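coords.pdb (PDB, C-alpha atoms, pLDDT in the B column) appears below.
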ATOM      1  CA  MET A   1      41.210-129.509  70.571  1.00 56.00           C
ATOM      2  CA  ARG A   2      39.662-129.737  67.109  1.00 58.00           C
ATOM      3  CA  ARG A   3      39.186-133.504  67.365  1.00 65.00           C
ATOM      4  CA  LEU A   4      37.527-133.101  70.765  1.00 72.00           C
ATOM      5  CA  ARG A   5      35.134-130.512  69.333  1.00 69.00           C
ATOM      6  CA  VAL A   6      34.352-132.782  66.380  1.00 68.00           C
ATOM      7  CA  PHE A   7      33.671-135.654  68.831  1.00 76.00           C
ATOM      8  CA  LEU A   8      31.405-133.524  71.052  1.00 78.00           C
ATOM      9  CA  SER A   9      29.579-132.188  68.003  1.00 78.00           C
ATOM     10  CA  GLY A  10      28.939-135.779  66.868  1.00 80.00           C
ATOM     11  CA  ILE A  11      27.623-136.743  70.322  1.00 86.00           C
ATOM     12  CA  CYS A  12      25.210-133.796  70.334  1.00 82.00           C
ATOM     13  CA  LEU A  13      24.041-134.672  66.835  1.00 82.00           C
ATOM     14  CA  CYS A  14      23.408-138.308  67.852  1.00 87.00           C
ATOM     15  CA  LEU A  15      21.444-137.192  70.910  1.00 83.00           C
ATOM     16  CA  GLN A  16      19.333-134.935  68.713  1.00 82.00           C
ATOM     17  CA  TRP A  17      18.445-137.867  66.455  1.00 82.00           C
ATOM     18  CA  VAL A  18      17.762-140.221  69.383  1.00 83.00           C
ATOM     19  CA  LEU A  19      15.446-137.760  71.116  1.00 80.00           C
ATOM     20  CA  GLY A  20      13.696-136.998  67.846  1.00 79.00           C
ATOM     21  CA  LEU A  21      13.124-140.682  67.159  1.00 80.00           C
ATOM     22  CA  LEU A  22      11.785-141.233  70.689  1.00 77.00           C
ATOM     23  CA  LEU A  23       9.021-138.693  70.163  1.00 77.00           C
ATOM     24  CA  LEU A  24       7.011-141.026  67.931  1.00 76.00           C
ATOM     25  CA  PRO A  25       6.852-144.094  70.227  1.00 76.00           C
ATOM     26  CA  ALA A  26       6.487-141.817  73.269  1.00 75.00           C
ATOM     27  CA  SER A  27       3.433-140.229  71.663  1.00 78.00           C
ATOM     28  CA  ALA A  28       2.026-143.627  70.669  1.00 72.00           C
ATOM     29  CA  LEU A  29       2.220-144.903  74.274  1.00 73.00           C
ATOM     30  CA  LEU A  30      -0.357-142.295  75.294  1.00 71.00           C
ATOM     31  CA  LYS A  31      -3.019-144.448  73.652  1.00 70.00           C
ATOM     32  CA  ALA A  32      -1.855-147.679  75.239  1.00 70.00           C
ATOM     33  CA  ARG A  33      -4.183-149.259  77.846  1.00 71.00           C
ATOM     34  CA  PRO A  34      -2.541-150.165  81.149  1.00 67.00           C
ATOM     35  CA  GLU A  35      -5.016-153.051  81.567  1.00 69.00           C
ATOM     36  CA  SER A  36      -3.746-154.597  78.334  1.00 69.00           C
ATOM     37  CA  ALA A  37      -0.156-154.248  79.527  1.00 63.00           C
ATOM     38  CA  ALA A  38      -0.988-156.193  82.712  1.00 63.00           C
ATOM     39  CA  LYS A  39      -0.388-159.457  80.870  1.00 67.00           C
ATOM     40  CA  TRP A  40       3.298-158.540  80.771  1.00 71.00           C
ATOM     41  CA  GLY A  41       3.327-158.134  84.531  1.00 72.00           C
ATOM     42  CA  GLN A  42       2.192-155.666  87.141  1.00 71.00           C
ATOM     43  CA  ASP A  43       5.510-153.827  86.959  1.00 72.00           C
ATOM     44  CA  VAL A  44       4.969-153.058  83.253  1.00 70.00           C
ATOM     45  CA  LYS A  45       1.456-151.836  84.037  1.00 71.00           C
ATOM     46  CA  CYS A  46       2.725-149.569  86.830  1.00 78.00           C
ATOM     47  CA  VAL A  47       5.469-148.125  84.625  1.00 74.00           C
ATOM     48  CA  LEU A  48       2.995-147.388  81.826  1.00 70.00           C
ATOM     49  CA  GLU A  49       0.567-145.704  84.229  1.00 73.00           C
ATOM     50  CA  ALA A  50       3.383-143.609  85.708  1.00 77.00           C
ATOM     51  CA  TYR A  51       4.517-142.609  82.205  1.00 72.00           C
ATOM     52  CA  GLN A  52       1.016-141.587  81.123  1.00 74.00           C
ATOM     53  CA  ASP A  53       0.597-139.525  84.291  1.00 77.00           C
ATOM     54  CA  ASN A  54       3.766-137.575  83.427  1.00 79.00           C
ATOM     55  CA  ALA A  55       3.647-137.832  79.632  1.00 75.00           C
ATOM     56  CA  TRP A  56       3.138-134.104  79.118  1.00 74.00           C
ATOM     57  CA  LEU A  57       6.441-133.354  80.878  1.00 80.00           C
ATOM     58  CA  ILE A  58       8.367-136.137  79.099  1.00 77.00           C
ATOM     59  CA  LEU A  59       7.115-135.159  75.641  1.00 77.00           C
ATOM     60  CA  PHE A  60       7.864-131.514  76.391  1.00 81.00           C
ATOM     61  CA  LEU A  61      11.453-132.325  77.378  1.00 80.00           C
ATOM     62  CA  LEU A  62      11.956-134.502  74.277  1.00 78.00           C
ATOM     63  CA  ALA A  63      10.573-131.760  72.013  1.00 82.00           C
ATOM     64  CA  VAL A  64      12.756-129.100  73.649  1.00 84.00           C
ATOM     65  CA  PHE A  65      16.057-130.943  74.026  1.00 84.00           C
ATOM     66  CA  ALA A  66      16.123-132.393  70.491  1.00 83.00           C
ATOM     67  CA  PRO A  67      16.606-128.946  68.848  1.00 85.00           C
ATOM     68  CA  VAL A  68      18.813-127.832  71.772  1.00 87.00           C
ATOM     69  CA  PHE A  69      21.286-130.630  71.056  1.00 81.00           C
ATOM     70  CA  GLY A  70      21.108-129.756  67.348  1.00 81.00           C
ATOM     71  CA  PHE A  71      21.981-126.155  68.196  1.00 79.00           C
ATOM     72  CA  LEU A  72      24.880-127.272  70.405  1.00 80.00           C
ATOM     73  CA  ALA A  73      26.192-129.564  67.633  1.00 76.00           C
ATOM     74  CA  ARG A  74      26.469-126.586  65.285  1.00 72.00           C
ATOM     75  CA  LYS A  75      28.074-124.386  67.937  1.00 73.00           C
ATOM     76  CA  VAL A  76      30.630-126.965  69.089  1.00 70.00           C
ATOM     77  CA  LYS A  77      31.657-128.005  65.567  1.00 68.00           C
ATOM     78  CA  PRO A  78      34.938-126.347  64.502  1.00 62.00           C
ATOM     79  CA  VAL A  79      34.487-123.206  62.437  1.00 58.00           C
ATOM     80  CA  TRP A  80      35.232-123.241  58.716  1.00 59.00           C
ATOM     81  CA  PRO A  81      36.605-121.235  57.019  1.00 59.00           C
ATOM     82  CA  SER A  82      39.685-120.973  59.173  1.00 73.00           C
ATOM     83  CA  PRO A  83      41.182-117.482  59.680  1.00 81.00           C
ATOM     84  CA  SER A  84      44.617-119.098  59.366  1.00 84.00           C
ATOM     85  CA  MET A  85      43.709-120.578  55.983  1.00 87.00           C
ATOM     86  CA  ARG A  86      42.354-117.254  54.799  1.00 86.00           C
ATOM     87  CA  ALA A  87      45.629-115.564  55.777  1.00 88.00           C
ATOM     88  CA  LEU A  88      47.662-118.228  53.967  1.00 91.00           C
ATOM     89  CA  LEU A  89      45.630-117.840  50.774  1.00 90.00           C
ATOM     90  CA  TYR A  90      46.168-114.102  50.962  1.00 88.00           C
ATOM     91  CA  GLN A  91      49.937-114.654  51.126  1.00 90.00           C
ATOM     92  CA  ALA A  92      49.678-116.883  48.030  1.00 90.00           C
ATOM     93  CA  TYR A  93      47.658-114.094  46.391  1.00 89.00           C
ATOM     94  CA  LYS A  94      50.357-111.514  47.132  1.00 86.00           C
ATOM     95  CA  PHE A  95      53.073-113.773  45.723  1.00 88.00           C
ATOM     96  CA  ALA A  96      51.212-114.682  42.519  1.00 87.00           C
ATOM     97  CA  PHE A  97      50.086-111.105  41.808  1.00 81.00           C
ATOM     98  CA  LYS A  98      53.027-109.196  43.222  1.00 70.00           C
ATOM     99  CA  LYS A  99      53.140-106.768  40.294  1.00 61.00           C
ATOM    100  CA  GLU A 100      49.441-106.036  40.128  1.00 57.00           C
ATOM    101  CA  PRO A 101      48.790-103.140  37.703  1.00 52.00           C
ATOM    102  CA  GLN A 102      47.621 -99.901  39.242  1.00 56.00           C
ATOM    103  CA  GLY A 103      43.883 -99.379  39.032  1.00 57.00           C
ATOM    104  CA  GLU A 104      42.923-103.040  38.629  1.00 65.00           C
ATOM    105  CA  GLU A 105      40.274-104.294  41.018  1.00 68.00           C
ATOM    106  CA  PRO A 106      41.534-106.926  43.513  1.00 64.00           C
ATOM    107  CA  HIS A 107      38.607-109.272  42.792  1.00 69.00           C
ATOM    108  CA  LEU A 108      39.980-109.814  39.276  1.00 76.00           C
ATOM    109  CA  HIS A 109      42.685-111.995  40.867  1.00 84.00           C
ATOM    110  CA  ARG A 110      41.707-114.904  43.112  1.00 87.00           C
ATOM    111  CA  VAL A 111      43.076-117.897  44.969  1.00 91.00           C
ATOM    112  CA  THR A 112      40.474-120.633  45.531  1.00 92.00           C
ATOM    113  CA  LEU A 113      40.768-123.750  47.675  1.00 93.00           C
ATOM    114  CA  PHE A 114      38.720-126.711  46.418  1.00 93.00           C
ATOM    115  CA  GLU A 115      37.998-129.892  48.401  1.00 91.00           C
ATOM    116  CA  LYS A 116      37.048-133.189  46.767  1.00 91.00           C
ATOM    117  CA  LYS A 117      33.611-134.264  47.973  1.00 87.00           C
ATOM    118  CA  ARG A 118      32.510-137.559  46.418  1.00 84.00           C
ATOM    119  CA  LYS A 119      32.931-136.920  42.677  1.00 89.00           C
ATOM    120  CA  LYS A 120      33.095-133.131  42.761  1.00 91.00           C
ATOM    121  CA  LEU A 121      35.500-130.394  43.745  1.00 92.00           C
ATOM    122  CA  VAL A 122      33.685-127.827  45.893  1.00 89.00           C
ATOM    123  CA  ILE A 123      34.875-124.409  47.074  1.00 88.00           C
ATOM    124  CA  ARG A 124      36.008-124.248  50.713  1.00 87.00           C
ATOM    125  CA  GLU A 125      37.749-120.860  50.824  1.00 87.00           C
ATOM    126  CA  ARG A 126      38.663-117.924  48.609  1.00 84.00           C
ATOM    127  CA  SER A 127      41.036-114.997  48.901  1.00 80.00           C
ATOM    128  CA  CYS A 128      38.446-112.694  47.292  1.00 65.00           C
ATOM    129  CA  HIS A 129      35.610-111.726  49.631  1.00 55.00           C
ATOM    130  CA  LEU A 130      33.258-110.764  46.777  1.00 57.00           C
ATOM    131  CA  THR A 131      32.774-114.337  45.501  1.00 56.00           C
ATOM    132  CA  GLN A 132      32.703-116.292  48.763  1.00 55.00           C
ATOM    133  CA  ALA A 133      29.125-117.438  48.114  1.00 55.00           C
ATOM    134  CA  SER A 134      29.959-119.063  44.763  1.00 66.00           C
ATOM    135  CA  HIS A 135      28.660-122.646  44.380  1.00 72.00           C
ATOM    136  CA  THR A 136      30.660-123.502  41.254  1.00 80.00           C
ATOM    137  CA  THR A 137      31.791-127.144  41.298  1.00 86.00           C
ATOM    138  CA  PHE A 138      33.950-129.256  38.992  1.00 89.00           C
ATOM    139  CA  ARG A 139      33.467-132.951  38.309  1.00 89.00           C
ATOM    140  CA  VAL A 140      36.337-135.394  38.892  1.00 89.00           C
ATOM    141  CA  SER A 141      36.538-138.976  37.706  1.00 84.00           C
ATOM    142  CA  ASP A 142      38.951-141.852  37.226  1.00 80.00           C
ATOM    143  CA  ASP A 143      38.435-141.177  33.525  1.00 80.00           C
ATOM    144  CA  PRO A 144      40.338-137.932  32.739  1.00 76.00           C
ATOM    145  CA  GLU A 145      38.003-137.174  29.832  1.00 78.00           C
ATOM    146  CA  LYS A 146      35.125-136.796  32.297  1.00 83.00           C
ATOM    147  CA  CYS A 147      36.948-134.311  34.548  1.00 87.00           C
ATOM    148  CA  GLU A 148      35.921-130.659  34.421  1.00 89.00           C
ATOM    149  CA  GLY A 149      37.972-127.506  34.436  1.00 90.00           C
ATOM    150  CA  VAL A 150      41.461-126.608  35.522  1.00 92.00           C
ATOM    151  CA  ALA A 151      40.577-127.772  39.048  1.00 93.00           C
ATOM    152  CA  GLY A 152      39.460-131.207  37.835  1.00 93.00           C
ATOM    153  CA  TRP A 153      42.482-131.757  35.611  1.00 93.00           C
ATOM    154  CA  THR A 154      44.900-130.547  38.271  1.00 94.00           C
ATOM    155  CA  TYR A 155      43.385-133.101  40.629  1.00 93.00           C
ATOM    156  CA  VAL A 156      43.489-136.027  38.206  1.00 91.00           C
ATOM    157  CA  ARG A 157      47.043-135.221  37.038  1.00 91.00           C
ATOM    158  CA  ASN A 158      48.244-134.475  40.568  1.00 92.00           C
ATOM    159  CA  GLN A 159      50.701-131.869  39.325  1.00 92.00           C
ATOM    160  CA  ILE A 160      50.857-128.111  38.779  1.00 93.00           C
ATOM    161  CA  LEU A 161      48.890-126.976  35.726  1.00 93.00           C
ATOM    162  CA  PHE A 162      49.420-123.509  34.201  1.00 92.00           C
ATOM    163  CA  ILE A 163      47.269-122.038  31.430  1.00 91.00           C
ATOM    164  CA  ASP A 164      47.503-118.518  30.030  1.00 88.00           C
ATOM    165  CA  GLU A 165      46.852-116.464  26.880  1.00 87.00           C
ATOM    166  CA  LEU A 166      43.154-117.315  26.986  1.00 88.00           C
ATOM    167  CA  PRO A 167      40.860-115.298  24.697  1.00 85.00           C
ATOM    168  CA  GLU A 168      38.878-112.475  26.227  1.00 82.00           C
ATOM    169  CA  LEU A 169      35.232-113.453  26.540  1.00 79.00           C
ATOM    170  CA  GLY A 170      33.221-110.268  26.507  1.00 71.00           C
ATOM    171  CA  GLU A 171      29.779-109.513  25.138  1.00 70.00           C
ATOM    172  CA  ASN A 172      31.131-109.516  21.567  1.00 76.00           C
ATOM    173  CA  ALA A 173      33.096-112.764  21.879  1.00 74.00           C
ATOM    174  CA  SER A 174      32.633-115.174  18.977  1.00 83.00           C
ATOM    175  CA  SER A 175      31.749-118.848  19.127  1.00 85.00           C
ATOM    176  CA  GLU A 176      35.334-119.581  18.117  1.00 89.00           C
ATOM    177  CA  ASP A 177      36.581-117.687  21.166  1.00 86.00           C
ATOM    178  CA  PHE A 178      34.303-119.714  23.437  1.00 86.00           C
ATOM    179  CA  ASN A 179      35.370-122.983  21.802  1.00 89.00           C
ATOM    180  CA  LYS A 180      39.064-122.151  22.172  1.00 91.00           C
ATOM    181  CA  TYR A 181      38.631-121.053  25.790  1.00 87.00           C
ATOM    182  CA  ALA A 182      36.614-124.160  26.648  1.00 88.00           C
ATOM    183  CA  GLU A 183      39.146-126.488  25.020  1.00 91.00           C
ATOM    184  CA  LYS A 184      42.095-124.974  26.887  1.00 91.00           C
ATOM    185  CA  THR A 185      40.276-125.027  30.262  1.00 89.00           C
ATOM    186  CA  TYR A 186      38.769-128.529  29.910  1.00 88.00           C
ATOM    187  CA  VAL A 187      35.081-127.605  29.886  1.00 86.00           C
ATOM    188  CA  SER A 188      32.391-127.541  27.227  1.00 86.00           C
ATOM    189  CA  PRO A 189      31.346-124.247  25.587  1.00 83.00           C
ATOM    190  CA  GLU A 190      27.838-124.783  26.984  1.00 84.00           C
ATOM    191  CA  TRP A 191      29.177-125.204  30.540  1.00 82.00           C
ATOM    192  CA  LEU A 192      31.310-122.107  30.042  1.00 81.00           C
ATOM    193  CA  ARG A 193      28.380-119.946  28.965  1.00 78.00           C
ATOM    194  CA  ARG A 194      26.136-121.274  31.713  1.00 77.00           C
ATOM    195  CA  LYS A 195      28.332-121.346  34.823  1.00 68.00           C
ATOM    196  CA  LEU A 196      31.375-119.110  34.739  1.00 61.00           C
ATOM    197  CA  PRO A 197      30.560-115.467  35.596  1.00 59.00           C
ATOM    198  CA  LEU A 198      31.980-112.460  33.805  1.00 59.00           C
ATOM    199  CA  PRO A 199      34.707-111.404  33.599  1.00 64.00           C
ATOM    200  CA  LYS A 200      36.303-114.687  32.558  1.00 78.00           C
ATOM    201  CA  ALA A 201      39.818-115.410  33.760  1.00 84.00           C
ATOM    202  CA  ARG A 202      42.630-114.976  31.243  1.00 86.00           C
ATOM    203  CA  SER A 203      45.053-117.304  33.056  1.00 89.00           C
ATOM    204  CA  TYR A 204      44.891-120.171  35.548  1.00 93.00           C
ATOM    205  CA  LEU A 205      47.285-122.077  37.759  1.00 94.00           C
ATOM    206  CA  GLY A 206      46.265-125.261  39.580  1.00 95.00           C
ATOM    207  CA  ILE A 207      48.185-126.757  42.519  1.00 95.00           C
ATOM    208  CA  PRO A 208      47.396-130.192  44.005  1.00 95.00           C
ATOM    209  CA  VAL A 209      46.973-130.262  47.800  1.00 95.00           C
ATOM    210  CA  GLU A 210      47.768-133.352  49.876  1.00 94.00           C
ATOM    211  CA  VAL A 211      46.760-133.992  53.490  1.00 92.00           C
ATOM    212  CA  ARG A 212      48.589-136.754  55.370  1.00 89.00           C
ATOM    213  CA  GLY A 213      49.911-138.167  52.119  1.00 89.00           C
ATOM    214  CA  ASN A 214      46.503-138.324  50.389  1.00 92.00           C
ATOM    215  CA  LEU A 215      45.278-135.998  47.656  1.00 94.00           C
ATOM    216  CA  TRP A 216      42.692-133.785  49.407  1.00 94.00           C
ATOM    217  CA  GLY A 217      41.880-131.157  46.793  1.00 94.00           C
ATOM    218  CA  VAL A 218      43.412-128.408  44.712  1.00 95.00           C
ATOM    219  CA  LEU A 219      44.335-124.760  44.907  1.00 95.00           C
ATOM    220  CA  VAL A 220      43.380-122.739  41.812  1.00 94.00           C
ATOM    221  CA  LEU A 221      44.715-119.257  41.053  1.00 93.00           C
ATOM    222  CA  ASP A 222      42.995-117.273  38.324  1.00 90.00           C
ATOM    223  CA  SER A 223      43.371-113.790  36.903  1.00 86.00           C
ATOM    224  CA  ALA A 224      40.827-111.894  34.828  1.00 82.00           C
ATOM    225  CA  GLY A 225      42.964-108.780  34.707  1.00 75.00           C
ATOM    226  CA  VAL A 226      45.641-107.542  32.347  1.00 72.00           C
ATOM    227  CA  GLN A 227      48.349-109.204  34.410  1.00 68.00           C
ATOM    228  CA  THR A 228      48.697-112.970  34.138  1.00 75.00           C
ATOM    229  CA  ILE A 229      49.665-115.134  37.077  1.00 84.00           C
ATOM    230  CA  ARG A 230      53.301-114.851  38.064  1.00 82.00           C
ATOM    231  CA  TYR A 231      54.783-118.060  36.660  1.00 83.00           C
ATOM    232  CA  GLY A 232      58.171-117.503  35.031  1.00 75.00           C
ATOM    233  CA  PRO A 233      60.654-119.977  33.618  1.00 70.00           C
ATOM    234  CA  SER A 234      62.830-119.876  36.739  1.00 73.00           C
ATOM    235  CA  LEU A 235      62.829-123.004  38.888  1.00 73.00           C
ATOM    236  CA  GLY A 236      62.562-120.893  42.028  1.00 77.00           C
ATOM    237  CA  GLU A 237      59.145-119.486  41.155  1.00 78.00           C
ATOM    238  CA  ARG A 238      57.811-122.904  40.188  1.00 80.00           C
ATOM    239  CA  GLN A 239      59.094-124.485  43.390  1.00 88.00           C
ATOM    240  CA  ALA A 240      57.438-121.680  45.348  1.00 90.00           C
ATOM    241  CA  TYR A 241      54.018-122.928  44.205  1.00 91.00           C
ATOM    242  CA  ASN A 242      54.924-126.454  45.315  1.00 91.00           C
ATOM    243  CA  PHE A 243      55.742-125.059  48.747  1.00 93.00           C
ATOM    244  CA  ILE A 244      52.434-123.148  48.795  1.00 93.00           C
ATOM    245  CA  GLY A 245      50.581-126.407  48.149  1.00 94.00           C
ATOM    246  CA  ILE A 246      52.553-128.140  50.913  1.00 94.00           C
ATOM    247  CA  ALA A 247      51.863-125.282  53.351  1.00 94.00           C
ATOM    248  CA  VAL A 248      48.133-125.433  52.645  1.00 93.00           C
ATOM    249  CA  GLY A 249      48.156-129.220  53.161  1.00 93.00           C
ATOM    250  CA  LYS A 250      50.022-128.933  56.474  1.00 92.00           C
ATOM    251  CA  LEU A 251      47.582-126.322  57.739  1.00 90.00           C
ATOM    252  CA  LEU A 252      44.646-128.512  56.685  1.00 89.00           C
ATOM    253  CA  GLU A 253      46.041-131.314  58.851  1.00 86.00           C
ATOM    254  CA  ARG A 254      45.341-129.062  61.836  1.00 80.00           C
ATOM    255  CA  ILE A 255      41.958-127.619  60.866  1.00 76.00           C
ATOM    256  CA  VAL A 256      40.121-130.558  59.280  1.00 72.00           C
ATOM    257  CA  SER A 257      38.991-133.685  61.069  1.00 58.00           C
TER     258      SER A 257
END
Would it be possible to restate this file's structure as structure tokens?
Amino acid sequence: MRRLRVFLSGICLCLQWVLGLLLLPASALLKARPESAAKWGQDVKCVLEAYQDNAWLILFLLAVFAPVFGFLARKVKPVWPSPSMRALLYQAYKFAFKKEPQGEEPHLHRVTLFEKKRKKLVIRERSCHLTQASHTTFRVSDDPEKCEGVAGWTYVRNQILFIDELPELGENASSEDFNKYAEKTYVSPEWLRRKLPLPKARSYLGIPVEVRGNLWGVLVLDSAGVQTIRYGPSLGERQAYNFIGIAVGKLLERIVS
């Protein structure tokens, strides 16, 4: 069903462009002289005269149906974010922060799904509703030194990456704190001051996500609260995050084109 909706959305989008492009030559033909078109044959002259007699209706239909098909393309296109994906991220949230301290705000702990778009990782879904509108991106490159953040390095390494015991970056944080935080999270101090909102996370966990055998993006868990991400020495807990990444990838096979 999703592929059919993607196909129909593409058809509507193409029709919108075709009708929009036809408006210019259709308008230009209003100034054409039927007598001049007679050299191409009487049939061409008759067609041009018939068009000019009904040009107001034709131009009106072109002007109306172009945005109509654009509207239909947006309506037919499958909805993202997916409610199923949101529910799965919430389950990952409950597992990673099972022992959440009493009184801590839920938005201090997040699970974020990033998709690779060209040379950047962009946010597609988050477990926390308060930061859904975030436009934070991370650069990825074949050169690991040019990758940004935990998300970027998780993607380039294609393995789980866990970072904790990060310094607290409050209003009184020193330059040394910012430098240490930036070094451990693979960003520059300038990027850190400019882009990441307060409060800064104290721990991160990145999980690579594959779709149909290809690396699609990453899942990043972060905690700005007292509690760090649940990531003990036991093999069971570590394997659980592998299974979370696999589950997200399998669901993406159904909800992305």
- For Leu57 in chain A, which residue out of A:Ile123, A:Ala26, A:Phe178, A:Arg238 is the nearest one, using all atoms listed in the file?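 Closest to Leu57 in chain A, using all atoms listed in the file: A:Ala26.
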- In Å, rounded to a single decimal, give me how far CA of Thr136 in chain A is from CA of Ile229 in chain A. 21.2 Å
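Distances from A:Asn242, A:Gly236, A:Lys116, A:Leu89 to Leu161 in chain A were compared using all atoms listed in the file, and the smallest one belongs to A:Asn242.
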- Query: For Ile163 in chain A, which of A:Leu192, A:Leu108, A:Ser84, A:Thr228 is the closest residue, counting only C-alpha atoms?
  - Reply: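 Residue with the minimum atom-to-atom distance to Ile163 in chain A: A:Thr228.
Between CA of Pro208 in chain A and CA of Glu168 in chain A the interatomic distance comes to 26.5 Å.
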Selection under test: the PyMOL selection byres ((chain A and resi 249-254) around 9); residues as a PDB file with C-alpha atoms, in the frame of the given file:
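And here is the file that came out, selection.pdb:
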ATOM      1  CA  ARG A   2      39.662-129.737  67.109  1.00 58.00           C
ATOM      2  CA  SER A  84      44.617-119.098  59.366  1.00 84.00           C
ATOM      3  CA  MET A  85      43.709-120.578  55.983  1.00 87.00           C
ATOM      4  CA  LEU A  88      47.662-118.228  53.967  1.00 91.00           C
ATOM      5  CA  VAL A 209      46.973-130.262  47.800  1.00 95.00           C
ATOM      6  CA  GLU A 210      47.768-133.352  49.876  1.00 94.00           C
ATOM      7  CA  VAL A 211      46.760-133.992  53.490  1.00 92.00           C
ATOM      8  CA  ARG A 212      48.589-136.754  55.370  1.00 89.00           C
ATOM      9  CA  TRP A 216      42.692-133.785  49.407  1.00 94.00           C
ATOM     10  CA  ILE A 244      52.434-123.148  48.795  1.00 93.00           C
ATOM     11  CA  GLY A 245      50.581-126.407  48.149  1.00 94.00           C
ATOM     12  CA  ILE A 246      52.553-128.140  50.913  1.00 94.00           C
ATOM     13  CA  ALA A 247      51.863-125.282  53.351  1.00 94.00           C
ATOM     14  CA  VAL A 248      48.133-125.433  52.645  1.00 93.00           C
ATOM     15  CA  ILE A 255      41.958-127.619  60.866  1.00 76.00           C
ATOM     16  CA  VAL A 256      40.121-130.558  59.280  1.00 72.00           C
ATOM     17  CA  SER A 257      38.991-133.685  61.069  1.00 58.00           C
TER      18      SER A 257
END
- Message: Set the distance at 9 Å and use all atoms listed in the file: which residues neighbour His109 in chain A once local chain neighbours fewer than 4 positions away are removed? I'd like the list as a list in words.
- Response: Tyr93, Phe97, Glu105, Ser127, Cys128, Ala201, Leu221, Asp222, Ser223, Ala224, Gly225 and Ile229 of chain A
Selection above as a file: C-alpha atoms, as a JSON list (two decimals), keeping the file's coordinate frame:
[["chain", "number", "residue", "atom", "x", "y", "z"],
["A", 93, "TYR", "CA", 47.66, -114.09, 46.39],
["A", 97, "PHE", "CA", 50.09, -111.10, 41.81],
["A", 105, "GLU", "CA", 40.27, -104.29, 41.02],
["A", 127, "SER", "CA", 41.04, -115.00, 48.90],
["A", 128, "CYS", "CA", 38.45, -112.69, 47.29],
["A", 201, "ALA", "CA", 39.82, -115.41, 33.76],
["A", 221, "LEU", "CA", 44.72, -119.26, 41.05],
["A", 222, "ASP", "CA", 43.00, -117.27, 38.32],
["A", 223, "SER", "CA", 43.37, -113.79, 36.90],
["A", 224, "ALA", "CA", 40.83, -111.89, 34.83],
["A", 225, "GLY", "CA", 42.96, -108.78, 34.71],
["A", 229, "ILE", "CA", 49.66, -115.13, 37.08]]
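With all atoms listed in the file as the basis for measurement, A:Leu215 is the residue among A:Leu215, A:Val68, A:Val111, A:Val76 that approaches Asn158 in chain A most closely.
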- Task: Kindly indicate which residue among A:Val150, A:Ala73, A:Ala28, A:Leu61 lies nearest to Ile11 in chain A, using only C-alpha atoms for the distances.
- Result: A:Ala73
- Nearest to Leu62 in chain A, chosen from A:Arg193, A:Glu148, A:Tyr186, A:Trp17, with all atoms listed in the file counted in the distances: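 Between A:Arg193, A:Glu148, A:Tyr186, A:Trp17, the residue approaching Leu62 in chain A most closely is A:Trp17.
Using all atoms listed in the file, the protein and nucleic acid residues lying no more than 12 Å from Leu13 in chain A, apart from those fewer than 5 places from it along its own chain, are Val6, Phe7, Leu8, Val18, Leu19, Gly20, Phe65, Ala66, Pro67, Val68, Phe69, Gly70, Phe71, Leu72, Ala73, Arg74, Lys75, Val76 and Lys77 of chain A.
Reported to one decimal place, the separation of CA of Glu115 in chain A from CA of His135 in chain A is 12.5 Å.
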Each side padded by 5 Å, which centre and which edge lengths in Å (one decimal) define the axis-aligned box around the listed atoms of range 20-28 of chain A? Give them as JSON.
{"center_x": 7.9, "center_y": -140.5, "center_z": 70.2, "size_x": 21.7, "size_y": 17.1, "size_z": 16.1}
- Near Ser27 in chain A, within 10 Å and counting all atoms listed in the file, which residues show up once chain neighbours fewer than 3 positions away are dropped, as a list in words? Leu22, Leu23, Leu24, Leu30, Lys31, Ala32, Gln52, Ala55, Trp56, Ile58 and Leu59 of chain A
